[in-house]
file coords34.cif (mmCIF, C-alpha atoms and all ligand atoms)
data_structure
loop_
_atom_site.label_atom_id
_atom_site.label_comp_id
_atom_site.auth_asym_id
_atom_site.auth_seq_id
_atom_site.Cartn_x
_atom_site.Cartn_y
_atom_site.Cartn_z
CA MET L 28 -3.91 12.00 -12.11
CA LEU L 29 -6.30 13.32 -14.78
CA GLN L 30 -8.62 10.38 -14.22
CA ALA L 31 -8.66 11.11 -10.47
CA GLU L 32 -9.34 14.82 -11.11
CA ARG L 33 -12.19 14.04 -13.51
CA ALA L 34 -13.80 11.60 -11.08
CA ALA L 35 -13.58 14.33 -8.38
CA GLY L 36 -13.91 11.86 -5.53
CA ALA L 37 -16.90 9.98 -7.00
CA LEU L 38 -16.88 6.21 -6.53
CA LEU L 39 -16.89 4.20 -9.77
CA PRO L 40 -17.33 0.47 -10.31
CA GLU L 41 -13.93 -1.21 -10.38
CA TYR L 42 -12.92 -1.82 -13.98
CA HIS L 43 -9.84 -4.03 -13.81
CA ARG L 44 -10.54 -7.15 -15.83
CA PRO L 45 -12.09 -10.27 -14.25
CA THR L 46 -9.63 -12.94 -13.14
CA PRO L 47 -10.22 -16.57 -12.16
CA GLU L 48 -9.82 -15.59 -8.50
CA CYS L 49 -12.00 -12.46 -8.79
CA PRO L 50 -14.56 -12.97 -11.59
CA HIS L 51 -16.78 -10.00 -10.62
CA PRO L 52 -14.56 -6.95 -10.15
CA GLU L 53 -17.56 -4.69 -10.83
CA ARG L 54 -18.81 -5.57 -7.33
CA TRP L 55 -15.91 -3.51 -5.95
CA HIS L 56 -15.45 0.27 -6.15
CA MET L 57 -12.65 2.65 -7.02
CA TYR L 58 -11.88 6.37 -7.13
CA ASP L 59 -9.42 5.89 -9.99
CA SER L 60 -7.27 3.08 -11.34
CA MET L 61 -4.15 4.02 -9.32
CA THR L 62 -5.64 4.55 -5.86
CA ALA L 63 -6.35 1.23 -4.12
CA GLU L 64 -9.89 -0.10 -4.43
CA ALA L 65 -12.33 1.56 -1.98
CA GLU L 66 -12.81 -1.76 -0.17
CA VAL L 67 -9.03 -2.14 0.18
CA LEU L 68 -8.88 1.36 1.70
CA GLU L 69 -11.49 0.24 4.25
CA PHE L 70 -9.43 -2.90 4.88
CA LEU L 71 -6.31 -0.77 5.49
CA TYR L 72 -8.26 1.31 8.01
CA THR L 73 -9.54 -1.76 9.85
CA LEU L 74 -6.16 -3.52 9.78
CA VAL L 75 -4.54 -0.48 11.39
CA THR L 76 -7.17 -0.20 14.11
CA THR L 77 -6.83 -3.99 14.63
CA ILE L 78 -3.03 -4.29 14.99
CA LYS L 79 -2.31 -0.71 16.24
CA PRO L 80 1.08 -0.26 14.56
CA ALA L 81 3.61 2.24 15.89
CA LEU L 82 5.31 2.52 12.50
CA VAL L 83 3.70 2.06 9.08
CA VAL L 84 5.75 2.35 5.88
CA GLU L 85 4.00 2.77 2.54
CA THR L 86 5.72 2.76 -0.83
CA GLY L 87 3.90 4.67 -3.59
CA SER L 88 1.80 7.48 -2.12
CA PHE L 89 0.25 8.57 -5.45
CA LEU L 90 -2.29 11.25 -4.37
CA GLY L 91 -2.08 10.26 -0.72
CA VAL L 92 -5.50 8.61 -0.49
CA SER L 93 -4.34 5.32 1.08
CA THR L 94 -1.90 7.32 3.24
CA ILE L 95 -4.82 9.39 4.57
CA TRP L 96 -6.96 6.30 5.26
CA ILE L 97 -4.10 4.78 7.25
CA ALA L 98 -3.48 8.09 9.06
CA ARG L 99 -7.18 8.31 10.01
CA ALA L 100 -6.86 4.89 11.63
CA LEU L 101 -3.66 5.93 13.46
CA LYS L 102 -5.53 8.95 14.77
CA ALA L 103 -8.38 6.68 15.95
CA ASN L 104 -5.73 4.56 17.74
CA GLY L 105 -4.13 7.67 19.21
CA LEU L 106 -0.64 6.42 18.32
CA GLY L 107 1.78 5.72 15.51
CA LYS L 108 2.95 7.32 12.29
CA ILE L 109 3.04 6.52 8.62
CA ILE L 110 6.06 7.21 6.44
CA SER L 111 5.02 7.19 2.79
CA CYS L 112 7.27 7.75 -0.22
CA GLU L 113 6.40 9.01 -3.69
CA PHE L 114 9.07 8.98 -6.35
CA ASP L 115 7.47 11.42 -8.85
CA SER L 116 7.89 15.05 -7.75
CA VAL L 117 4.71 16.34 -9.51
CA VAL L 118 2.59 13.60 -7.94
CA PHE L 119 4.36 14.15 -4.60
CA ALA L 120 3.35 17.86 -4.67
CA LYS L 121 -0.31 16.89 -5.22
CA ALA L 122 -0.17 14.35 -2.39
CA ARG L 123 1.37 16.97 -0.09
CA GLU L 124 -1.53 19.38 -0.85
CA LYS L 125 -4.12 16.69 -0.18
CA ILE L 126 -2.48 15.65 3.07
CA ALA L 127 -2.22 19.29 4.22
CA ALA L 128 -5.96 19.69 3.58
CA SER L 129 -6.80 16.44 5.42
CA GLY L 130 -5.92 17.74 8.87
CA LEU L 131 -3.91 14.55 9.44
CA SER L 132 -0.39 15.88 8.76
CA GLU L 133 0.82 15.16 12.27
CA TRP L 134 0.41 11.40 11.63
CA ILE L 135 2.13 11.42 8.22
CA GLU L 136 5.71 11.81 7.02
CA LEU L 137 5.58 12.15 3.24
CA ARG L 138 8.86 11.74 1.39
CA ASN L 139 9.74 12.59 -2.20
CA GLU L 140 12.03 9.57 -2.51
CA SER L 141 12.28 6.18 -4.14
CA SER L 142 11.42 3.18 -1.99
CA LEU L 143 14.72 1.71 -3.14
CA GLU L 144 16.66 4.58 -1.56
CA MET L 145 14.49 5.70 1.36
CA ARG L 146 15.86 5.08 4.83
CA VAL L 147 13.63 4.79 7.86
CA GLU L 148 14.59 4.37 11.49
CA GLY L 149 13.07 1.76 13.76
CA THR L 150 10.96 -1.35 13.53
CA ILE L 151 8.18 -1.48 10.95
CA ASP L 152 4.86 -2.93 12.16
CA LEU L 153 2.99 -2.59 8.87
CA PHE L 154 4.61 -2.42 5.44
CA PHE L 155 2.34 -1.56 2.49
CA SER L 156 4.04 -2.13 -0.85
CA ASP L 157 2.18 -0.18 -3.57
CA SER L 158 4.81 1.43 -5.83
CA ASP L 159 6.06 0.41 -9.27
CA MET L 160 5.08 -3.22 -9.92
CA PRO L 161 8.44 -4.59 -11.16
CA ILE L 162 10.30 -3.44 -8.02
CA ARG L 163 8.01 -4.86 -5.33
CA ALA L 164 10.20 -7.84 -4.46
CA ALA L 165 13.25 -5.60 -4.24
CA GLU L 166 11.57 -3.13 -1.91
CA VAL L 167 10.11 -5.85 0.33
CA LYS L 168 13.56 -7.46 0.57
CA ARG L 169 15.15 -4.09 1.30
CA PHE L 170 12.87 -3.39 4.27
CA LEU L 171 12.47 -6.99 5.48
CA PRO L 172 15.22 -6.81 8.14
CA GLN L 173 13.38 -3.88 9.72
CA ILE L 174 9.93 -5.47 9.64
CA SER L 175 8.80 -6.90 12.97
CA SER L 176 8.34 -10.68 13.11
CA THR L 177 4.82 -9.96 14.40
CA GLY L 178 4.30 -7.26 11.77
CA VAL L 179 2.21 -7.43 8.62
CA VAL L 180 3.30 -7.01 5.01
CA LEU L 181 0.72 -6.01 2.40
CA ILE L 182 1.55 -6.22 -1.29
CA HIS L 183 -0.99 -4.64 -3.60
CA ASP L 184 -1.60 -5.46 -7.31
CA ALA L 185 -0.94 -9.18 -6.88
CA SER L 186 -3.78 -10.41 -9.12
CA SER L 187 -3.20 -13.10 -11.73
CA HIS L 188 -3.86 -10.45 -14.40
CA LEU L 189 -1.17 -8.07 -13.03
CA LYS L 190 1.14 -11.12 -13.03
CA VAL L 191 4.46 -9.55 -12.09
CA VAL L 192 3.61 -8.78 -8.45
CA ARG L 193 1.88 -12.14 -7.94
CA GLU L 194 4.97 -13.94 -9.24
CA ALA L 195 7.20 -11.81 -7.01
CA ALA L 196 5.10 -12.78 -3.97
CA PHE L 197 5.31 -16.49 -4.90
CA GLU L 198 9.09 -16.11 -5.20
CA LEU L 199 9.36 -14.39 -1.81
CA GLU L 200 7.46 -17.36 -0.41
CA GLN L 201 9.63 -19.92 -2.23
CA GLU L 202 12.75 -18.19 -0.93
CA GLY L 203 11.40 -18.75 2.57
CA LEU L 204 11.09 -15.03 3.30
CA LEU L 205 7.32 -14.57 3.60
CA SER L 206 4.18 -16.58 4.24
CA CYS L 207 1.50 -15.17 1.95
CA VAL L 208 -2.27 -15.22 1.68
CA PHE L 209 -3.55 -14.07 -1.71
CA LEU L 210 -6.80 -12.15 -1.17
CA PRO L 211 -9.06 -12.40 -4.25
CA THR L 212 -9.71 -8.69 -4.86
CA PRO L 213 -9.88 -7.05 -8.32
CA ARG L 214 -6.21 -5.99 -8.33
CA GLY L 215 -5.10 -8.61 -5.83
CA LEU L 216 -3.80 -8.05 -2.32
CA VAL L 217 -1.25 -10.20 -0.53
CA ILE L 218 -1.27 -10.18 3.24
CA ALA L 219 1.93 -11.70 4.54
CA GLN L 220 4.24 -12.12 7.48
CA LYS L 221 7.96 -12.67 7.72
CA ARG L 222 8.88 -16.30 8.28
CA GLU L 223 11.99 -15.42 10.25
CA GLY L 224 11.40 -15.00 13.95
CA ARG L 225 7.88 -16.48 14.06
CA ARG L 226 7.04 -18.37 17.21
C1 LIG L 301 -0.49 2.46 -7.42
S1 LIG L 301 0.10 4.06 -7.07
C2 LIG L 301 -0.06 4.17 -5.32
C3 LIG L 301 -1.50 4.31 -4.87
C4 LIG L 301 -1.67 4.69 -3.41
N1 LIG L 301 -0.95 3.80 -2.54
C5 LIG L 301 -3.14 4.67 -3.04
O1 LIG L 301 -3.70 3.56 -2.93
O2 LIG L 301 -3.73 5.76 -2.86
C6 LIG L 301 1.84 3.86 -7.30
C7 LIG L 301 2.68 5.11 -7.07
O3 LIG L 301 4.02 4.70 -6.84
C8 LIG L 301 4.88 5.68 -7.37
N2 LIG L 301 6.22 5.06 -7.52
C9 LIG L 301 6.70 4.33 -8.57
N3 LIG L 301 7.94 3.89 -8.30
C10 LIG L 301 8.24 4.31 -7.03
C11 LIG L 301 9.37 4.15 -6.18
N4 LIG L 301 10.45 3.45 -6.56
N5 LIG L 301 9.32 4.73 -4.97
C12 LIG L 301 8.24 5.43 -4.56
N6 LIG L 301 7.15 5.61 -5.33
C13 LIG L 301 7.15 5.07 -6.55
C14 LIG L 301 4.21 6.12 -8.66
O4 LIG L 301 4.67 7.38 -9.08
C15 LIG L 301 2.73 6.10 -8.24
O5 LIG L 301 2.30 7.37 -7.83
#
call {"tool": "encode", "arguments": {"input": "coords34.cif", "output": "structure tokens", "more": "lines below"}}
Ligand SMILES: C[S@@+](CC[C@H](N)C(=O)[O-])C[C@H]1O[C@@H](n2cnc3c(N)ncnc32)[C@H](O)[C@@H]1O
result
Amino acid sequence: MLQAERAAGALLPEYHRPTPECPHPERWHMYDSMTAEAEVLEFLYTLVTTIKPALVVETGSFLGVSTIWIARALKANGLGKIISCEFDSVVFAKAREKIAASGLSEWIELRNESSLEMRVEGTIDLFFSDSDMPIRAAEVKRFLPQISSTGVVLIHDASSHLKVVREAAFELEQEGLLSCVFLPTPRGLVIAQKREGRR
């Protein structure tokens, strides 16, 4: 949070280390090392305007920056809502302030809960997994029955450097649960779909 405060919204070159799949991370941009890369935020916006989800679920709000980008796209669509959960109560309070100041509150339901306990009603059209790295497989599996067979699953931090999430995504694929594409971004982003129910 201190790093984000010091940067005060300025864009910095991405500084996660080069990987074989993304040898030039400095070509990307970031606000801080927790918030998704600026280009990934733009991708989230465009994905939401492209698939027009009625229900988006995000795990790991941090300061609410990705939540706000998604909410801006929902507003552009004129439909939908995002439910985002943040486990840490101090971080949650900061995210709540930022969301209140964004003018986008009506599109956002922010919860001070763990992704492993949160309950949501209805069918999820877009699931963005961006919480604690070791629990990503567990949270994807937990919400999988509620994710639409035409919906999209995004799993952030799946680079070969941040191994644990990449391995979890490979396992989800090997278990026959997801079909994954590994986008070569600095921190890695998996875009996936449930295998069950595809036609
Ligand atoms: C990488 S940051 C999220 C960044 C945010 N999505 C963005 O791009 O602006 C991860 C956040 O997940 C939170 N977190 C960790 N474990 C969690 C859990 N089980 N449920 C919800 N949030 C969790 C952390 O406190 C942290 O703020």
call {"tool": "closest_residue", "arguments": {"input": "coords34.cif", "among": "L:Lys221, L:Glu144, L:Ala185, L:Ala195", "to": "L:Pro172", "atoms": "only C-alpha atoms"}}
result
L:Lys221
call {"tool": "closest_residue", "arguments": {"input": "coords34.cif", "among": "L:Asp59, L:Glu194, L:Glu136, L:Asp152", "to": "ligand LIG 301 (chain L)", "atoms": "only C-alpha atoms and all ligand atoms"}}
result
L:Asp59
call {"tool": "residues_near_point", "arguments": {"input": "coords34.cif", "point": "(-6.2, 7.3, -1.5)", "cutoff": "9 Å", "atoms": "only C-alpha atoms", "output": "JSON, numbers by chain"}}
result
{"L": [58, 61, 62, 63, 64, 65, 68, 88, 89, 90, 91, 92, 93, 94, 95, 96]}
call {"tool": "residues_around", "arguments": {"input": "coords34.cif", "residues": "L:Arg214", "least_positions_apart": "5", "cutoff": "8 Å", "atoms": "all atoms listed in the file", "output": "list in words"}}
result
His43, Glu64, His183, Asp184, Ala185, Ser186, His188 and Leu189 of chain L
call {"tool": "atom_distance", "arguments": {"input": "coords34.cif", "atom1": "atom CA of L:Ile126", "atom2": "atom CA of L:Ser111"}}
result
11.3 Å
call {"tool": "residues_around", "arguments": {"input": "coords34.cif", "residues": "L:Leu39", "least_positions_apart": "5", "cutoff": "9 Å", "atoms": "all atoms listed in the file", "output": "ChimeraX atom specification"}}
result
/L:34,53,55-59
call {"tool": "residues_around", "arguments": {"input": "coords34.cif", "residues": "L:Ile97", "least_positions_apart": "2", "cutoff": "8 Å", "atoms": "all atoms listed in the file", "output": "NGL selection string"}}
result
:L and (71-72 or 75 or 93-95 or 99-101 or 109)
call {"tool": "atom_distance", "arguments": {"input": "coords34.cif", "atom1": "atom CA of L:Pro47", "atom2": "atom CA of L:Gly215"}}
result
11.4 Å
call {"tool": "residues_around", "arguments": {"input": "coords34.cif", "residues": "L:Ile182", "least_positions_apart": "5", "cutoff": "7 Å", "atoms": "all atoms listed in the file", "output": "PyMOL selection string"}}
result
chain L and resi 155-157+216-218
call {"tool": "write_last_selection", "arguments": {"input": "coords34.cif", "atoms": "C-alpha atoms", "output": "PDB file, in the coordinates of the input"}}
result
ATOM      1  CA  PHE L 155       2.340  -1.560   2.490  1.00  0.00           C
ATOM      2  CA  SER L 156       4.040  -2.130  -0.850  1.00  0.00           C
ATOM      3  CA  ASP L 157       2.180  -0.180  -3.570  1.00  0.00           C
ATOM      4  CA  LEU L 216      -3.800  -8.050  -2.320  1.00  0.00           C
ATOM      5  CA  VAL L 217      -1.250 -10.200  -0.530  1.00  0.00           C
ATOM      6  CA  ILE L 218      -1.270 -10.180   3.240  1.00  0.00           C
TER       7      ILE L 218
END
call {"tool": "residues_near_point", "arguments": {"input": "coords34.cif", "point": "(1.8, 14.3, 16.2)", "cutoff": "10 Å", "atoms": "only C-alpha atoms", "output": "list in words"}}
result
Lys102, Gly105, Leu106, Gly107, Lys108, Leu131, Ser132, Glu133, Trp134 and Ile135 of chain L
call {"tool": "closest_residue", "arguments": {"input": "coords34.cif", "among": "L:Pro50, L:Gly203, L:Gly149, L:Gly87", "to": "ligand LIG 301 (chain L)", "atoms": "all atoms listed in the file"}}
result
L:Gly87
call {"tool": "closest_residue", "arguments": {"input": "coords34.cif", "among": "L:Phe170, L:Phe197, L:Phe119, L:Phe154", "to": "L:Leu82", "atoms": "all atoms listed in the file"}}
result
L:Phe154
call {"tool": "atom_distance", "arguments": {"input": "coords34.cif", "atom1": "atom CA of L:Val118", "atom2": "atom CA of L:Tyr42"}}
result
22.7 Å
call {"tool": "residues_around", "arguments": {"input": "coords34.cif", "residues": "L:Arg146", "least_positions_apart": "3", "cutoff": "12 Å", "atoms": "only C-alpha atoms", "output": "list in words"}}
result
Val84, Thr86, Ile110, Ser111, Cys112, Arg138, Asn139, Glu140, Ser141, Ser142, Leu143, Gly149, Thr150, Ile151, Glu166, Arg169, Phe170 and Gln173 of chain L
call {"tool": "axis_aligned_box", "arguments": {"input": "coords34.cif", "around": "ligand LIG 301 (chain L)", "padding_each_side": "6 Å", "output": "AutoDock Vina command-line options"}}
result
--center_x 3.4 --center_y 4.9 --center_z -5.8 --size_x 26.2 --size_y 16.9 --size_z 18.5
call {"tool": "closest_residue", "arguments": {"input": "coords34.cif", "among": "L:Leu137, L:Ala219, L:Val167, L:Val180", "to": "L:Ser116", "atoms": "only C-alpha atoms"}}
result
L:Leu137
call {"tool": "closest_residue", "arguments": {"input": "coords34.cif", "among": "L:Ser60, L:Gln30, L:Thr177, L:Gln220", "to": "ligand LIG 301 (chain L)", "atoms": "only C-alpha atoms and all ligand atoms"}}
result
L:Ser60
